[in-house]
file structure_38.pdb (PDB, C-alpha atoms)
ATOM      1  CA  MET A   1      14.981  19.140   4.530
ATOM      2  CA  GLN A   2      15.137  15.410   3.864
ATOM      3  CA  LEU A   3      15.048  14.654   7.583
ATOM      4  CA  ALA A   4      12.217  17.103   8.254
ATOM      5  CA  LEU A   5      10.145  15.657   5.379
ATOM      6  CA  PHE A   6      10.850  12.121   6.553
ATOM      7  CA  ILE A   7       9.860  12.822  10.170
ATOM      8  CA  ILE A   8       6.677  14.762   9.324
ATOM      9  CA  PHE A   9       5.322  12.403   6.695
ATOM     10  CA  GLY A  10       6.601   9.226   8.339
ATOM     11  CA  VAL A  11       4.723  10.105  11.522
ATOM     12  CA  LEU A  12       1.668  10.993   9.420
ATOM     13  CA  ALA A  13       1.828   7.632   7.605
ATOM     14  CA  VAL A  14       2.174   5.614  10.817
ATOM     15  CA  GLY A  15      -0.624   7.617  12.438
ATOM     16  CA  GLY A  16      -2.906   7.003   9.467
ATOM     17  CA  ALA A  17      -2.140   3.283   9.502
ATOM     18  CA  LEU A  18      -2.854   3.067  13.255
ATOM     19  CA  ASN A  19      -6.093   4.979  12.683
ATOM     20  CA  LEU A  20      -7.037   2.404  10.026
ATOM     21  CA  LEU A  21      -6.463  -0.303  12.619
ATOM     22  CA  LEU A  22      -8.378   1.399  15.436
ATOM     23  CA  GLN A  23     -11.425   2.844  13.647
ATOM     24  CA  ARG A  24     -14.615   0.794  13.717
ATOM     25  CA  HIS A  25     -16.336   2.297  10.692
ATOM     26  CA  PRO A  26     -14.951   1.335   7.239
ATOM     27  CA  ILE A  27     -15.305   4.852   5.811
ATOM     28  CA  ASN A  28     -12.958   6.208   8.522
ATOM     29  CA  SER A  29     -10.475   3.436   7.725
ATOM     30  CA  ALA A  30     -10.646   4.299   4.015
ATOM     31  CA  LEU A  31     -10.006   8.001   4.618
ATOM     32  CA  SER A  32      -7.050   7.273   6.920
ATOM     33  CA  LEU A  33      -5.631   4.974   4.212
ATOM     34  CA  VAL A  34      -5.800   7.980   1.859
ATOM     35  CA  VAL A  35      -3.654   9.897   4.385
ATOM     36  CA  VAL A  36      -1.116   7.028   4.405
ATOM     37  CA  MET A  37      -0.946   6.966   0.608
ATOM     38  CA  MET A  38      -0.544  10.739   0.268
ATOM     39  CA  SER A  39       2.308  10.829   2.783
ATOM     40  CA  LEU A  40       3.954   7.870   1.024
ATOM     41  CA  ALA A  41       3.782   9.905  -2.195
ATOM     42  CA  VAL A  42       5.783  12.682  -0.503
ATOM     43  CA  LEU A  43       8.321  10.099   0.699
ATOM     44  CA  TYR A  44       8.638   8.731  -2.865
ATOM     45  CA  TRP A  45       9.290  12.267  -4.090
ATOM     46  CA  SER A  46      11.963  12.786  -1.443
ATOM     47  CA  LEU A  47      13.617   9.553  -2.612
ATOM     48  CA  GLY A  48      13.835  10.880  -6.174
ATOM     49  CA  ALA A  49      10.895   9.001  -7.675
ATOM     50  CA  GLU A  50       8.805  11.884  -9.057
ATOM     51  CA  PHE A  51       6.848   9.760 -11.507
ATOM     52  CA  LEU A  52       5.854   7.278  -8.815
ATOM     53  CA  ALA A  53       4.827  10.110  -6.477
ATOM     54  CA  ALA A  54       2.435  11.416  -9.146
ATOM     55  CA  ALA A  55       1.208   7.899  -9.956
ATOM     56  CA  GLN A  56       0.666   7.190  -6.258
ATOM     57  CA  VAL A  57      -1.554  10.259  -5.885
ATOM     58  CA  ILE A  58      -3.464   9.671  -9.134
ATOM     59  CA  VAL A  59      -3.811   5.879  -9.155
ATOM     60  CA  TYR A  60      -3.840   4.892  -5.494
ATOM     61  CA  SER A  61      -5.416   7.746  -3.569
ATOM     62  CA  GLY A  62      -7.290   8.993  -6.626
ATOM     63  CA  ALA A  63      -8.701   5.926  -8.351
ATOM     64  CA  ILE A  64      -8.461   2.922  -6.032
ATOM     65  CA  MET A  65      -9.541   4.648  -2.819
ATOM     66  CA  VAL A  66     -12.468   6.405  -4.539
ATOM     67  CA  PHE A  67     -13.493   2.954  -5.738
ATOM     68  CA  PHE A  68     -13.315   1.656  -2.159
ATOM     69  CA  VAL A  69     -15.388   4.587  -0.883
ATOM     70  CA  PHE A  70     -17.947   3.972  -3.641
ATOM     71  CA  VAL A  71     -18.298   0.319  -2.633
ATOM     72  CA  ILE A  72     -18.636   1.233   1.070
ATOM     73  CA  MET A  73     -21.346   3.728   0.113
ATOM     74  CA  LEU A  74     -23.059   1.252  -2.230
ATOM     75  CA  LEU A  75     -23.193  -1.587   0.295
ATOM     76  CA  ASN A  76     -24.112   0.808   3.140
ATOM     77  CA  ALA A  77     -21.468  -0.774   5.366
ATOM     78  CA  GLY A  78     -21.940   0.029   9.047
ATOM     79  CA  GLU A  79     -19.699  -0.344  12.051
ATOM     80  CA  GLU A  80     -18.215  -3.775  12.570
ATOM     81  CA  GLU A  81     -19.257  -5.710  15.646
ATOM     82  CA  ARG A  82     -16.982  -7.741  17.857
ATOM     83  CA  THR A  83     -17.483 -11.495  17.645
ATOM     84  CA  THR A  84     -15.963 -14.527  19.292
ATOM     85  CA  GLY A  85     -13.904 -15.288  16.220
ATOM     86  CA  SER A  86     -11.946 -12.075  16.628
ATOM     87  CA  ARG A  87     -10.532 -13.061  20.030
ATOM     88  CA  ALA A  88      -8.318 -15.726  18.454
ATOM     89  CA  ALA A  89      -7.250 -13.141  15.903
ATOM     90  CA  TYR A  90      -6.253 -10.776  18.735
ATOM     91  CA  ILE A  91      -4.201 -13.515  20.425
ATOM     92  CA  VAL A  92      -2.397 -14.422  17.197
ATOM     93  CA  GLY A  93      -2.474 -11.068  15.394
ATOM     94  CA  PHE A  94      -0.607  -8.679  17.671
ATOM     95  CA  PRO A  95       2.303 -11.028  18.617
ATOM     96  CA  GLY A  96       2.624 -12.153  15.000
ATOM     97  CA  ALA A  97       2.779  -8.603  13.678
ATOM     98  CA  ALA A  98       5.215  -7.614  16.443
ATOM     99  CA  ALA A  99       7.419 -10.619  15.601
ATOM    100  CA  ILE A 100       7.483  -9.657  11.898
ATOM    101  CA  PHE A 101       8.360  -6.066  12.803
ATOM    102  CA  CYS A 102      11.138  -7.118  15.214
ATOM    103  CA  LEU A 103      12.671  -9.492  12.663
ATOM    104  CA  LEU A 104      12.607  -6.930   9.846
ATOM    105  CA  SER A 105      13.958  -4.053  11.924
ATOM    106  CA  PHE A 106      16.700  -6.273  13.376
ATOM    107  CA  VAL A 107      17.885  -7.122   9.866
ATOM    108  CA  PHE A 108      17.687  -3.496   8.694
ATOM    109  CA  LEU A 109      19.455  -2.098  11.753
ATOM    110  CA  SER A 110      22.245  -4.660  11.644
ATOM    111  CA  GLU A 111      22.870  -3.731   7.978
ATOM    112  CA  ARG A 112      22.390   0.019   8.354
ATOM    113  CA  HIS A 113      26.009   0.934   7.576
ATOM    114  CA  ALA A 114      25.968  -1.040   4.333
ATOM    115  CA  LEU A 115      22.645   0.558   3.364
ATOM    116  CA  GLY A 116      23.981   4.130   3.457
ATOM    117  CA  SER A 117      21.911   7.318   3.520
ATOM    118  CA  SER A 118      19.795   9.336   1.111
ATOM    119  CA  ASN A 119      19.726  12.992   0.098
ATOM    120  CA  VAL A 120      17.258  15.063  -1.927
ATOM    121  CA  GLY A 121      18.269  15.540  -5.541
ATOM    122  CA  GLY A 122      21.298  13.314  -5.230
ATOM    123  CA  TYR A 123      19.680  10.631  -7.274
ATOM    124  CA  LEU A 124      20.734   9.769 -10.826
ATOM    125  CA  ASN A 125      22.802  12.211 -12.868
ATOM    126  CA  HIS A 126      21.237  15.629 -13.113
ATOM    127  CA  LEU A 127      21.055  15.668 -16.918
ATOM    128  CA  THR A 128      18.117  13.310 -17.289
ATOM    129  CA  SER A 129      14.971  13.456 -15.251
ATOM    130  CA  ASN A 130      13.555  10.472 -13.447
ATOM    131  CA  ILE A 131      10.553  10.271 -15.796
ATOM    132  CA  SER A 132      12.645   9.997 -18.964
ATOM    133  CA  GLU A 133      14.817   7.356 -17.297
ATOM    134  CA  VAL A 134      11.782   5.286 -16.296
ATOM    135  CA  SER A 135      10.032   5.645 -19.651
ATOM    136  CA  THR A 136      13.160   4.765 -21.649
ATOM    137  CA  LEU A 137      13.529   1.513 -19.765
ATOM    138  CA  LEU A 138       9.783   0.826 -19.810
ATOM    139  CA  PHE A 139       9.310   1.300 -23.550
ATOM    140  CA  THR A 140      12.473  -0.413 -24.759
ATOM    141  CA  LYS A 141      13.617  -3.262 -22.569
ATOM    142  CA  LEU A 142      10.347  -3.900 -20.739
ATOM    143  CA  LEU A 143       7.907  -3.304 -23.603
ATOM    144  CA  LEU A 144       6.490  -6.847 -23.568
ATOM    145  CA  PRO A 145       5.633  -6.857 -19.815
ATOM    146  CA  PHE A 146       4.113  -3.391 -20.261
ATOM    147  CA  GLU A 147       1.829  -4.686 -23.032
ATOM    148  CA  VAL A 148       0.983  -7.795 -21.028
ATOM    149  CA  THR A 149      -0.264  -5.597 -18.161
ATOM    150  CA  SER A 150      -2.736  -3.997 -20.573
ATOM    151  CA  ILE A 151      -4.173  -7.465 -21.238
ATOM    152  CA  LEU A 152      -4.294  -8.006 -17.459
ATOM    153  CA  ILE A 153      -6.279  -4.780 -17.029
ATOM    154  CA  LEU A 154      -8.659  -5.849 -19.820
ATOM    155  CA  VAL A 155      -9.242  -9.245 -18.185
ATOM    156  CA  ALA A 156      -9.790  -7.526 -14.817
ATOM    157  CA  ILE A 157     -12.405  -5.188 -16.334
ATOM    158  CA  LEU A 158     -14.268  -8.123 -17.912
ATOM    159  CA  GLY A 159     -14.034 -10.163 -14.703
ATOM    160  CA  ALA A 160     -15.333  -7.286 -12.576
ATOM    161  CA  VAL A 161     -18.285  -6.737 -14.916
ATOM    162  CA  VAL A 162     -19.152 -10.454 -14.987
ATOM    163  CA  LEU A 163     -18.817 -10.874 -11.196
ATOM    164  CA  ALA A 164     -20.784  -7.776 -10.215
ATOM    165  CA  ARG A 165     -23.606  -8.346 -12.728
ATOM    166  CA  LYS A 166     -26.976  -9.367 -11.360
ATOM    167  CA  GLU A 167     -27.762 -13.008 -12.073
ATOM    168  CA  GLN A 168     -30.737 -13.551 -14.353
TER     169      GLN A 168
ATOM    170  CA  MET B   1      18.248  24.488  12.188
ATOM    171  CA  THR B   2      20.867  24.248   9.448
ATOM    172  CA  SER B   3      21.871  20.825  10.697
ATOM    173  CA  LEU B   4      18.256  19.694  10.351
ATOM    174  CA  VAL B   5      18.088  21.073   6.811
ATOM    175  CA  ALA B   6      21.324  19.468   5.685
ATOM    176  CA  ALA B   7      20.833  16.195   7.539
ATOM    177  CA  GLN B   8      20.527  13.008   5.559
ATOM    178  CA  VAL B   9      18.172  10.169   6.343
ATOM    179  CA  PRO B  10      19.615   6.654   6.462
ATOM    180  CA  ILE B  11      17.991   4.202   4.044
ATOM    181  CA  ALA B  12      17.457   1.912   7.041
ATOM    182  CA  ALA B  13      15.001   4.490   8.462
ATOM    183  CA  TYR B  14      12.848   4.237   5.331
ATOM    184  CA  LEU B  15      12.999   0.448   5.511
ATOM    185  CA  ILE B  16      11.971   0.450   9.193
ATOM    186  CA  LEU B  17       9.073   2.788   8.385
ATOM    187  CA  ALA B  18       8.009   0.306   5.699
ATOM    188  CA  ALA B  19       8.321  -2.532   8.248
ATOM    189  CA  ILE B  20       6.095  -0.620  10.697
ATOM    190  CA  LEU B  21       3.452  -0.061   8.001
ATOM    191  CA  PHE B  22       3.632  -3.707   6.899
ATOM    192  CA  SER B  23       3.221  -4.961  10.490
ATOM    193  CA  ILE B  24       0.223  -2.684  11.039
ATOM    194  CA  GLY B  25      -1.189  -4.056   7.781
ATOM    195  CA  VAL B  26      -0.717  -7.656   8.958
ATOM    196  CA  ALA B  27      -2.352  -6.864  12.327
ATOM    197  CA  ALA B  28      -5.278  -5.109  10.631
ATOM    198  CA  PHE B  29      -5.674  -8.021   8.216
ATOM    199  CA  LEU B  30      -5.966 -10.466  11.113
ATOM    200  CA  ILE B  31      -8.019  -8.344  13.521
ATOM    201  CA  LYS B  32     -10.530  -6.435  11.397
ATOM    202  CA  ARG B  33     -13.869  -8.167  10.922
ATOM    203  CA  ASN B  34     -15.165  -6.147   7.999
ATOM    204  CA  LEU B  35     -14.466  -7.598   4.550
ATOM    205  CA  ILE B  36     -13.763  -4.196   2.961
ATOM    206  CA  THR B  37     -11.374  -3.180   5.762
ATOM    207  CA  VAL B  38      -9.507  -6.488   5.418
ATOM    208  CA  PHE B  39      -9.108  -5.701   1.723
ATOM    209  CA  MET B  40      -7.852  -2.206   2.562
ATOM    210  CA  SER B  41      -5.190  -3.632   4.871
ATOM    211  CA  ILE B  42      -3.903  -5.698   1.918
ATOM    212  CA  GLU B  43      -3.496  -2.404   0.035
ATOM    213  CA  LEU B  44      -1.588  -1.015   3.033
ATOM    214  CA  MET B  45       0.818  -3.971   2.933
ATOM    215  CA  LEU B  46       1.345  -3.470  -0.827
ATOM    216  CA  ASN B  47       2.159   0.197  -0.183
ATOM    217  CA  ALA B  48       4.693  -0.707   2.504
ATOM    218  CA  VAL B  49       6.489  -3.080   0.140
ATOM    219  CA  ASN B  50       6.458  -0.379  -2.555
ATOM    220  CA  LEU B  51       8.278   1.948  -0.141
ATOM    221  CA  THR B  52      11.071  -0.614   0.328
ATOM    222  CA  PHE B  53      11.359  -0.949  -3.456
ATOM    223  CA  VAL B  54      11.729   2.818  -3.898
ATOM    224  CA  ALA B  55      14.254   3.037  -1.047
ATOM    225  CA  PHE B  56      16.410   0.273  -2.524
ATOM    226  CA  SER B  57      16.081   1.863  -5.965
ATOM    227  CA  HIS B  58      17.433   5.107  -4.471
ATOM    228  CA  MET B  59      20.235   3.214  -2.755
ATOM    229  CA  TRP B  60      21.438   1.443  -5.918
ATOM    230  CA  HIS B  61      20.847   4.465  -8.227
ATOM    231  CA  GLN B  62      18.787   2.361 -10.601
ATOM    232  CA  VAL B  63      15.213   2.774 -11.805
ATOM    233  CA  SER B  64      14.403  -0.955 -11.989
ATOM    234  CA  GLY B  65      12.861  -0.872  -8.525
ATOM    235  CA  GLN B  66      10.628   2.041  -9.513
ATOM    236  CA  ILE B  67       9.435   0.144 -12.575
ATOM    237  CA  PHE B  68       8.616  -2.817 -10.335
ATOM    238  CA  VAL B  69       6.545  -0.457  -8.159
ATOM    239  CA  PHE B  70       4.761   0.737 -11.299
ATOM    240  CA  PHE B  71       3.797  -2.851 -12.161
ATOM    241  CA  VAL B  72       2.707  -3.484  -8.568
ATOM    242  CA  MET B  73       0.413  -0.433  -8.838
ATOM    243  CA  VAL B  74      -1.118  -1.782 -12.065
ATOM    244  CA  VAL B  75      -1.701  -5.206 -10.541
ATOM    245  CA  ALA B  76      -3.148  -3.610  -7.370
ATOM    246  CA  ALA B  77      -5.631  -1.630  -9.474
ATOM    247  CA  ALA B  78      -6.744  -4.788 -11.298
ATOM    248  CA  GLU B  79      -6.918  -6.685  -8.008
ATOM    249  CA  ALA B  80      -9.039  -3.965  -6.385
ATOM    250  CA  ALA B  81     -11.500  -4.024  -9.289
ATOM    251  CA  VAL B  82     -11.947  -7.817  -9.201
ATOM    252  CA  GLY B  83     -11.894  -8.042  -5.383
ATOM    253  CA  LEU B  84     -14.532  -5.375  -4.879
ATOM    254  CA  ALA B  85     -16.703  -7.041  -7.548
ATOM    255  CA  ILE B  86     -16.415 -10.294  -5.558
ATOM    256  CA  ILE B  87     -17.338  -8.404  -2.358
ATOM    257  CA  ILE B  88     -20.440  -6.999  -4.088
ATOM    258  CA  ALA B  89     -21.404 -10.505  -5.285
ATOM    259  CA  ILE B  90     -20.924 -11.925  -1.761
ATOM    260  CA  PHE B  91     -23.001  -9.140  -0.220
ATOM    261  CA  ARG B  92     -25.754  -9.743  -2.751
ATOM    262  CA  THR B  93     -26.110 -13.422  -1.829
ATOM    263  CA  ARG B  94     -25.294 -13.393   1.918
ATOM    264  CA  GLU B  95     -26.360  -9.864   2.997
ATOM    265  CA  THR B  96     -23.368  -9.436   5.317
ATOM    266  CA  LEU B  97     -19.824  -8.075   5.280
ATOM    267  CA  ASN B  98     -18.667  -9.810   8.480
ATOM    268  CA  VAL B  99     -15.898 -12.303   7.714
ATOM    269  CA  ASP B 100     -17.080 -14.601  10.518
ATOM    270  CA  GLN B 101     -20.388 -15.157   8.772
ATOM    271  CA  ILE B 102     -18.847 -15.752   5.345
ATOM    272  CA  ASP B 103     -17.817 -19.354   6.034
ATOM    273  CA  LEU B 104     -19.144 -21.118   2.956
ATOM    274  CA  MET B 105     -16.009 -23.229   2.567
ATOM    275  CA  LYS B 106     -15.869 -24.260   6.233
ATOM    276  CA  SER B 107     -16.977 -27.892   6.383
TER     277      SER B 107
END

call {"tool": "encode", "arguments": {"input": "structure_38.pdb", "output": "structure tokens"}}
result
Amino acid sequence: MQLALFIIFGVLAVGGALNLLLQRHPINSALSLVVVMMSLAVLYWSLGAEFLAAAQVIVYSGAIMVFFVFVIMLLNAGEEERTTGSRAAYIVGFPGAAAIFCLLSFVFLSERHALGSSNVGGYLNHLTSNISEVSTLLFTKLLLPFEVTSILILVAILGAVVLARKEQ
Amino acid sequence: MTSLVAAQVPIAAYLILAAILFSIGVAAFLIKRNLITVFMSIELMLNAVNLTFVAFSHMWHQVSGQIFVFFVMVVAAAEAAVGLAIIIAIFRTRETLNVDQIDLMKS
């Protein structure tokens, strides 16, 4: 089941990411990014992170991507046109990305025996759920960083309002 | 069929999937000419790194990696709010979303 889930949703995630790269219109790229995020949520669940799977669906594909789609709609963004500046990006972009991928996968494959394998449900002990484990650590040991992120969110809200406001 | 059901996935496979997504994100960041799509490829790279965090968290049987992913999600939400507000402000003054025409800091 783990392997079947991994193959189905891994292929879906890579296909969505390639569709983001190949589509010309930003709304198509945004919707394919939603596909990537939903399939990553399933992969998080299969790795035993139920809370993060829910948060991925609600926060990323729910809130952030709706925000992106709203901005695309608001600015009436059309298809992008090819310019001369993008040719240099093609020459540098594809070999650079391929080099990063080759380096990373070489390291991961050479260490694959030390990394081990995963199985559904074989995560922590079966007595406590993942959510209680996460929340215990978050509200005891990491309470100060958790409160600091609320200040960060507040500053981000104020900054977004100030930046997007029409100048008088 | 039973072998497929009982089969386990190596952690390295998850990490290579994350590497593929990250590389596609880097390529999209460099190649796309639309400001909003460039911003979306940054989100794709953040998601790829989150997948490596969750995979390592599974490997070590600790939830610290998942809590790091939680904080990354919070910061990504704040970043999206501020970044899209900046994009709206740029569009209001320059009337374009093409990154080649937004060259105010090019001397």

call {"tool": "closest_residue", "arguments": {"input": "structure_38.pdb", "among": "A:Met37, A:Ala98, A:Ile91, A:Leu18", "to": "Leu51 in chain B", "atoms": "all atoms listed in the file"}}
result
A:Met37

call {"tool": "atom_distance", "arguments": {"input": "structure_38.pdb", "atom1": "CA of Arg165 in chain A", "atom2": "CA of Met65 in chain A"}}
result
21.6 Å

call {"tool": "resolve_selection", "arguments": {"input": "structure_38.pdb", "expression": "the PyMOL selection byres ((chain B and resi 83) around 12)", "output": "JSON, numbers by chain"}}
result
{"A": [64, 67, 68, 71, 156, 157, 159, 160, 161, 163, 164], "B": [35, 36, 38, 39, 40, 42, 43, 75, 76, 77, 78, 79, 80, 81, 82, 84, 85, 86, 87, 88, 89, 90]}

call {"tool": "residues_around", "arguments": {"input": "structure_38.pdb", "residues": "Leu104 in chain A", "least_positions_apart": "4", "cutoff": "8 Å", "atoms": "only C-alpha atoms", "output": "number ranges by chain"}}
result
A: 100, 108; B: 16, 19

call {"tool": "atom_distance", "arguments": {"input": "structure_38.pdb", "atom1": "CA of Glu167 in chain A", "atom2": "CA of Val74 in chain B"}}
result
28.9 Å

call {"tool": "interface_residues", "arguments": {"input": "structure_38.pdb", "of": "chain B", "to": "chain A", "cutoff": "7 Å", "atoms": "all atoms listed in the file", "output": "ChimeraX atom specification"}}
result
/B:4-12,15-17,19-21,23-24,26-28,30-31,33-34,37,54-55,58,61,63,67,77-78,80-82,85-86,88-89,100

call {"tool": "atom_distance", "arguments": {"input": "structure_38.pdb", "atom1": "CA of Ser39 in chain A", "atom2": "CA of Leu12 in chain A"}}
result
6.7 Å

call {"tool": "decode", "arguments": {"input": "structure_38.pdb", "residues": "range 44-68 of chain B", "atoms": "N, CA and C atoms", "output": "PDB file, in the first residue's frame"}}
result
ATOM      1  N   LEU B  44       6.895  26.036  -4.602  1.00  0.00           N
ATOM      2  CA  LEU B  44       7.174  24.636  -4.960  1.00  0.00           C
ATOM      3  C   LEU B  44       8.475  24.164  -4.323  1.00  0.00           C
ATOM      4  N   MET B  45       9.500  25.032  -4.325  1.00  0.00           N
ATOM      5  CA  MET B  45      10.770  24.650  -3.693  1.00  0.00           C
ATOM      6  C   MET B  45      10.599  24.464  -2.195  1.00  0.00           C
ATOM      7  N   LEU B  46       9.801  25.345  -1.546  1.00  0.00           N
ATOM      8  CA  LEU B  46       9.550  25.192  -0.104  1.00  0.00           C
ATOM      9  C   LEU B  46       8.860  23.864   0.185  1.00  0.00           C
ATOM     10  N   ASN B  47       7.914  23.479  -0.682  1.00  0.00           N
ATOM     11  CA  ASN B  47       7.211  22.208  -0.492  1.00  0.00           C
ATOM     12  C   ASN B  47       8.143  21.020  -0.633  1.00  0.00           C
ATOM     13  N   ALA B  48       9.081  21.097  -1.579  1.00  0.00           N
ATOM     14  CA  ALA B  48      10.032  20.002  -1.768  1.00  0.00           C
ATOM     15  C   ALA B  48      10.906  19.829  -0.530  1.00  0.00           C
ATOM     16  N   VAL B  49      11.354  20.949   0.042  1.00  0.00           N
ATOM     17  CA  VAL B  49      12.186  20.859   1.244  1.00  0.00           C
ATOM     18  C   VAL B  49      11.373  20.322   2.416  1.00  0.00           C
ATOM     19  N   ASN B  50      10.088  20.703   2.486  1.00  0.00           N
ATOM     20  CA  ASN B  50       9.215  20.160   3.535  1.00  0.00           C
ATOM     21  C   ASN B  50       9.112  18.648   3.443  1.00  0.00           C
ATOM     22  N   LEU B  51       9.073  18.112   2.213  1.00  0.00           N
ATOM     23  CA  LEU B  51       8.990  16.652   2.052  1.00  0.00           C
ATOM     24  C   LEU B  51      10.244  15.969   2.595  1.00  0.00           C
ATOM     25  N   THR B  52      11.421  16.565   2.378  1.00  0.00           N
ATOM     26  CA  THR B  52      12.635  15.962   2.957  1.00  0.00           C
ATOM     27  C   THR B  52      12.587  16.005   4.477  1.00  0.00           C
ATOM     28  N   PHE B  53      12.058  17.101   5.038  1.00  0.00           N
ATOM     29  CA  PHE B  53      11.955  17.184   6.501  1.00  0.00           C
ATOM     30  C   PHE B  53      11.073  16.075   7.051  1.00  0.00           C
ATOM     31  N   VAL B  54       9.907  15.852   6.394  1.00  0.00           N
ATOM     32  CA  VAL B  54       8.990  14.821   6.892  1.00  0.00           C
ATOM     33  C   VAL B  54       9.611  13.437   6.731  1.00  0.00           C
ATOM     34  N   ALA B  55      10.328  13.214   5.623  1.00  0.00           N
ATOM     35  CA  ALA B  55      10.951  11.903   5.415  1.00  0.00           C
ATOM     36  C   ALA B  55      12.021  11.637   6.473  1.00  0.00           C
ATOM     37  N   PHE B  56      12.837  12.638   6.776  1.00  0.00           N
ATOM     38  CA  PHE B  56      13.864  12.437   7.803  1.00  0.00           C
ATOM     39  C   PHE B  56      13.236  12.277   9.181  1.00  0.00           C
ATOM     40  N   SER B  57      12.128  13.000   9.414  1.00  0.00           N
ATOM     41  CA  SER B  57      11.416  12.858  10.685  1.00  0.00           C
ATOM     42  C   SER B  57      10.884  11.434  10.855  1.00  0.00           C
ATOM     43  N   HIS B  58      10.392  10.844   9.757  1.00  0.00           N
ATOM     44  CA  HIS B  58       9.943   9.453   9.784  1.00  0.00           C
ATOM     45  C   HIS B  58      11.113   8.512  10.040  1.00  0.00           C
ATOM     46  N   MET B  59      12.248   8.830   9.430  1.00  0.00           N
ATOM     47  CA  MET B  59      13.417   7.952   9.542  1.00  0.00           C
ATOM     48  C   MET B  59      13.948   7.925  10.970  1.00  0.00           C
ATOM     49  N   TRP B  60      13.988   9.071  11.634  1.00  0.00           N
ATOM     50  CA  TRP B  60      14.547   9.149  12.990  1.00  0.00           C
ATOM     51  C   TRP B  60      13.505   8.926  14.057  1.00  0.00           C
ATOM     52  N   HIS B  61      12.229   8.742  13.723  1.00  0.00           N
ATOM     53  CA  HIS B  61      11.139   8.546  14.676  1.00  0.00           C
ATOM     54  C   HIS B  61      11.050   9.693  15.671  1.00  0.00           C
ATOM     55  N   GLN B  62      11.191  10.898  15.161  1.00  0.00           N
ATOM     56  CA  GLN B  62      11.074  12.085  16.009  1.00  0.00           C
ATOM     57  C   GLN B  62      10.169  13.091  15.316  1.00  0.00           C
ATOM     58  N   VAL B  63       9.471  13.916  16.121  1.00  0.00           N
ATOM     59  CA  VAL B  63       8.538  14.864  15.521  1.00  0.00           C
ATOM     60  C   VAL B  63       9.161  16.237  15.312  1.00  0.00           C
ATOM     61  N   SER B  64      10.442  16.407  15.639  1.00  0.00           N
ATOM     62  CA  SER B  64      11.062  17.731  15.500  1.00  0.00           C
ATOM     63  C   SER B  64      11.017  18.217  14.063  1.00  0.00           C
ATOM     64  N   GLY B  65      11.244  17.310  13.116  1.00  0.00           N
ATOM     65  CA  GLY B  65      11.201  17.686  11.709  1.00  0.00           C
ATOM     66  C   GLY B  65       9.822  18.155  11.298  1.00  0.00           C
ATOM     67  N   GLN B  66       8.778  17.511  11.841  1.00  0.00           N
ATOM     68  CA  GLN B  66       7.414  17.926  11.499  1.00  0.00           C
ATOM     69  C   GLN B  66       7.107  19.301  12.061  1.00  0.00           C
ATOM     70  N   ILE B  67       7.659  19.599  13.246  1.00  0.00           N
ATOM     71  CA  ILE B  67       7.431  20.928  13.819  1.00  0.00           C
ATOM     72  C   ILE B  67       8.155  21.983  12.994  1.00  0.00           C
ATOM     73  N   PHE B  68       9.334  21.615  12.469  1.00  0.00           N
ATOM     74  CA  PHE B  68      10.037  22.556  11.579  1.00  0.00           C
ATOM     75  C   PHE B  68       9.190  22.827  10.343  1.00  0.00           C
TER      76      PHE B  68
END
